[in-house]
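Student: Here's a structure for you.
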Amino acid sequence: GVYVMIEQVDKAYLERNFGSGEGNLYKASFGFDTMWQGPNPELYQDIGAEKKTNEEENDWSDIVELLDILNNTPDDEFPDEIEGILNVDGFLSYLAANAVLSNMDSLVGDSCNFYLYNNPSTGLFELIPWDLNVAFGNRNVSHESGNGLTADEMIALDIEEPVTQGEEHLLIERVLAVDDYMDAYLDKVADLVAGEFSPTQMNASFDDMHGVIEEAVYADKYKEFSDEAFASSLTTDLPDSDDPGRVLGLKPFVADR
């Protein structure tokens, strides 16, 4: 059969990607709370994040500082302050890819499925994405913990406000409220749409990956879908194009998005 191998975000990963695995790593599983609760670090240990490194020290002061800046810094001081604690360019790259893919099972939806790593090499937080299995507009109203968006709404997700309405997304809202950051973000979106996310490049990738796994998929006796569904999902929505909770075909999603 076909199995997904997911690399763990552990010290080996951190050392390879950031030069050190000694910083504080936090995993946001669901509903990461950015509300300011005062300067006491003990008040922030139940905010939808799990400390994954340096657990014995139990030092949450860096998260407290990040939330202090997000909640309490005046607009005219915000760019200087946020650039002193967050890799803003890296964050904008993540946000651009996430928005283009309409991946709502993430920071932009239920504030989940990401890590924050305080990189000791730079002193900046890095956002690391996680659990991307319902990207390409496929965490819609049919999902077991659906975000209230239909398949068509996922296709038409607003690039300038790529979040689930009615939810708090303070980090995204404050960063994109800075004109220079919004311009840089939109440039990244435009580069993706013209490059890696273009139908020409994406369709070739889909065909290549489909060919790699096709034989193993057909041989899998325990898969949760039919061979016909696997074959048609490249080019066709399932079950049909009128179902608001349908699974979006990969090639049509890229073209329509």
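Identifiers for the structure tokens are assigned positionally: chains receive A, B, ... in sequence, residues are indexed from 1 per chain, and ligands are indexed from 1 in the order shown.
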Among segment 48-139 of chain A, which ones does DSSP place in strand (DSSP E or B), written as a list in words?

Tutor: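 Selecting the strand (DSSP E or B) positions of segment 48-139 of chain A gives Ala49, Glu50, Lys51, Leu86, Phe114, Tyr115, Leu116, Tyr117, Asn118, Asn119, Leu124, Phe125, Glu126, Leu127, Ile128 and Pro129 of chain A.
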
Student: Excluding segment 184-194 of chain A and residues on its chain fewer than 4 positions from it, collect all residues at most 6 Å away from it, counting only C-alpha atoms, and give them as a list in words.

Tutor: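 Once the adjacent positions are removed, what remains is Leu92, Ala96 and Ser198 of chain A.
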
Student: Please produce a file of those selected residues containing N, CA and C atoms, as a short mmCIF file (atom, residue, chain, number, x, y, z; two decimals), in the first residue's frame.

Tutor:
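What ended up in out.cif:
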```cif
data_model
loop_
_atom_site.label_atom_id
_atom_site.label_comp_id
_atom_site.auth_asym_id
_atom_site.auth_seq_id
_atom_site.Cartn_x
_atom_site.Cartn_y
_atom_site.Cartn_z
N LEU A 92 5.84 35.60 6.05
CA LEU A 92 5.08 36.01 4.87
C LEU A 92 5.16 34.94 3.78
N ALA A 96 1.85 33.19 2.30
CA ALA A 96 1.54 33.22 0.87
C ALA A 96 1.24 31.82 0.34
N SER A 198 1.67 27.52 -10.90
CA SER A 198 1.02 27.64 -12.21
C SER A 198 0.48 26.27 -12.63
#
```

Student: Please list as a PyMOL selection string every residue within 9 Å of segment 73-78 of chain A, counting only C-alpha atoms and excluding residues in the same chain fewer than 6 positions away.

Tutor: chain A and resi 174-175+177-178

Student: I'd like a table as JSON lines: residues in segment 100-120 of chain A with an atom no more than 12 Å from segment 82-86 of chain A, each row giving the shortest atom pair and its distance in Å to one decimal, only C-alpha atoms counted, sorted by chain and rising residue number.

Tutor:
```
{"residue": "A:Leu116", "atom": "CA", "partner": "A:Leu86", "partner_atom": "CA", "distance": 9.6}
{"residue": "A:Tyr117", "atom": "CA", "partner": "A:Leu86", "partner_atom": "CA", "distance": 9.7}
{"residue": "A:Asn118", "atom": "CA", "partner": "A:Ile85", "partner_atom": "CA", "distance": 8.5}
{"residue": "A:Asn119", "atom": "CA", "partner": "A:Leu86", "partner_atom": "CA", "distance": 9.6}
{"residue": "A:Pro120", "atom": "CA", "partner": "A:Ile85", "partner_atom": "CA", "distance": 11.1}
```

Student: Could the residues of segment 1-38 of chain A that have an atom at most 10 Å from segment 129-137 of chain A be listed as CSV, each with its closest atom pair and the distance in Å to one decimal, counting only C-alpha atoms and ordered by chain and ascending residue number?

Tutor:
```
residue,atom,partner,partner_atom,distance
A:Val4,CA,A:Asn133,CA,9.9
A:Ile6,CA,A:Asp131,CA,8.8
A:Glu7,CA,A:Trp130,CA,9.8
A:Gln8,CA,A:Trp130,CA,9.5
A:Val9,CA,A:Trp130,CA,8.8
A:Lys27,CA,A:Trp130,CA,9.1
A:Ala28,CA,A:Trp130,CA,9.3
A:Ser29,CA,A:Trp130,CA,9.4
```

Student: Okay, now the selection with N, CA and C atoms, as a compact mmCIF listing (two decimals), in the first residue's frame?

Tutor:
```txt
# COMPACT_ATOMS: atom_id res chain seq x y z
N VAL A 4 2.30 7.50 4.20
CA VAL A 4 2.92 8.82 4.26
C VAL A 4 3.99 8.81 5.35
N ILE A 6 6.20 11.16 7.54
CA ILE A 6 6.25 12.56 7.96
C ILE A 6 7.47 12.78 8.84
N GLU A 7 8.31 13.70 8.45
CA GLU A 7 9.49 14.01 9.25
C GLU A 7 9.08 14.68 10.56
N GLN A 8 9.63 14.22 11.65
CA GLN A 8 9.34 14.81 12.94
C GLN A 8 10.11 16.12 13.11
N VAL A 9 9.42 17.10 13.70
CA VAL A 9 10.10 18.35 14.05
C VAL A 9 10.75 18.12 15.42
N LYS A 27 4.52 23.60 19.97
CA LYS A 27 3.62 23.04 18.96
C LYS A 27 2.20 23.50 19.24
N ALA A 28 1.58 24.15 18.26
CA ALA A 28 0.19 24.59 18.36
C ALA A 28 -0.69 23.53 17.71
N SER A 29 -1.49 22.86 18.53
CA SER A 29 -2.32 21.78 18.02
C SER A 29 -3.71 22.26 17.62
```

Student: What does the distance between atom CA of Asn17 of chain A and atom CA of Gly195 of chain A come to in Å, to one decimal place?

Tutor: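 Computing the Euclidean distance for atom CA of Asn17 of chain A and atom CA of Gly195 of chain A yields 24.1 Å.
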
Student: I need the residues of segment 12-131 of chain A that end up classed as helix (DSSP H, G or I) by DSSP on the backbone, written out as a ChimeraX atom specification.

Tutor: /A:12-18,41-44,61-72,78-83,88-100

Student: Kindly export the residues of the current selection with C-alpha atoms, as a compact mmCIF listing (two decimals), in the first residue's frame.

Tutor:
```
# COMPACT_ATOMS: atom_id res chain seq x y z
CA ALA A 12 17.76 16.84 14.44
CA TYR A 13 15.33 18.73 12.22
CA LEU A 14 16.00 22.01 14.03
CA GLU A 15 19.77 21.61 13.83
CA ARG A 16 19.64 20.85 10.12
CA ASN A 17 17.31 23.72 9.23
CA PHE A 18 18.23 26.41 11.73
CA PRO A 41 4.40 33.32 32.23
CA GLU A 42 2.38 30.79 34.21
CA LEU A 43 -0.79 32.20 32.67
CA TYR A 44 0.31 31.13 29.17
CA SER A 61 8.99 34.17 28.67
CA ASP A 62 9.70 34.30 24.94
CA ILE A 63 6.08 33.47 24.09
CA VAL A 64 4.96 36.10 26.60
CA GLU A 65 7.15 38.68 24.88
CA LEU A 66 5.74 37.77 21.44
CA LEU A 67 2.16 38.10 22.68
CA ASP A 68 2.98 41.36 24.46
CA ILE A 69 4.23 42.81 21.16
CA LEU A 70 1.21 41.52 19.23
CA ASN A 71 -1.31 42.90 21.70
CA ASN A 72 0.24 46.02 23.12
CA PHE A 78 4.99 47.51 15.51
CA PRO A 79 7.31 46.82 12.52
CA ASP A 80 10.47 47.44 14.55
CA GLU A 81 9.20 45.39 17.48
CA ILE A 82 7.91 42.41 15.51
CA GLU A 83 11.07 42.22 13.39
CA VAL A 88 8.75 38.27 9.24
CA ASP A 89 9.93 37.40 5.72
CA GLY A 90 9.73 33.69 6.49
CA PHE A 91 6.29 34.19 8.00
CA LEU A 92 5.08 36.01 4.87
CA SER A 93 6.41 33.17 2.68
CA TYR A 94 4.48 30.65 4.77
CA LEU A 95 1.34 32.77 4.65
CA ALA A 96 1.54 33.22 0.87
CA ALA A 97 1.86 29.49 0.20
CA ASN A 98 -0.83 28.65 2.75
CA ALA A 99 -3.25 31.18 1.25
CA VAL A 100 -2.67 30.07 -2.33
```

Student: Looking at A:Pro239, A:Gly23, A:Gly123, A:Gly245, which one is nearest to Asp10 of chain A, with distances taken over only C-alpha atoms?

Tutor: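 Closest to Asp10 of chain A, using only C-alpha atoms: A:Gly23.
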
Student: Between atom CA of Asp46 of chain A and atom CA of Ile128 of chain A, what is the distance, to one decimal in Å?

Tutor: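 So the answer is 20.2 Å.
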